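K.L.:
Let me give you the structure first, and then I'll get to my questions.
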Amino acid sequence: MSTNIDTEVKSTKGTGAPRIIISMNGVITNDPCALCGARTNPNGIDLMLADEPALVCRDCGLAHARPLAMLLGLADAAYGFANAHEDAF
Ligand SMILES: [Zn+2]
């Protein structure tokens with residue numbers, strides 16, 4: 001799976017397509033998306049531009065780095081599950 005993600009990131013170099021990463025974000029803000037200007041909904045694990053500390057919204061993530069955006073959805077679900085079942089962990 002990581003091979004697919006690496007391949008996608010490499011294929012966007014030099015094409016003008018944004019390079020997007022998943023990053024732990026220590027500052028929780030709803031800054032505008034660096035690509036479209038829409039408000040983001042950060043929760044600490046966010047999509048960001050690879051080359052600068054700027055948030056990317058889910059819609060732009062789905063458009064430009066679909067596997068990463070989908071992976072982030074799984075992380076959100078796991079985080080919610082862990083919070084709901086805090087006693088089990
Ligand atoms: Zn956006």
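Note on naming: chains are A, B, ... as they come in the structure tokens, residues start from 1 per chain, ligands start from 1 in the order shown.
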Residues within 12 Å of A:Ala75, please, as a list in words. Count only C-alpha atoms; anything in the same chain fewer than 4 positions from it doesn't count.
P.N.:
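The residues satisfying every condition are Ile22, Ser23, Met24, Asn43, Gly44, Ile45, Asp46, Leu47, Leu68, Ala69, Met70, Leu71, Tyr79, Gly80, Phe81 and Ala82 of chain A.
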K.L.:
Can you list every residue in stretch 2-73 of chain A that DSSP puts in strand (DSSP E), as a PyMOL selection string?
P.N.:
chain A and resi 20-24+45-49
K.L.:
Give the residues close to ligand 1, within 7 Å, counting only C-alpha atoms and all ligand atoms; write them as JSON, numbers by chain.
P.N.:
{"A": [33, 34, 35, 36, 37, 38, 56, 57, 58, 59, 60]}
K.L.:
Show me, as a list in words, the residues that have an atom within 9 Å of A:Asp51 when counting only C-alpha atoms, minus same-chain residues fewer than 5 positions from it.
P.N.:
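The residues satisfying every condition are Pro18, Arg19 and Ile20 of chain A.
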K.L.:
Mind pulling up the distance from atom CA of A:Ile21 to atom CA of A:Gly73?
P.N.:
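The value is 13.8 Å.
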K.L.:
Which is closer to A:Asn41 than all the others in A:Pro53, A:Asn25, A:Asp87, A:Arg66, using only C-alpha atoms?
P.N.:
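Closest residue, counting only C-alpha atoms: A:Asn25.
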K.L.:
Extract the full set of helix (DSSP H, G or I) residues from chain A according to DSSP on the backbone, and format it as a PyMOL selection string.
P.N.:
chain A and resi 2-12+58-64+66-84+86-88
K.L.:
What is the distance, in Å and to one decimal place, between atom CA of A:Arg39 and atom CA of A:Ala17?
P.N.:
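That distance, rounded to one decimal, is 20.6 Å.
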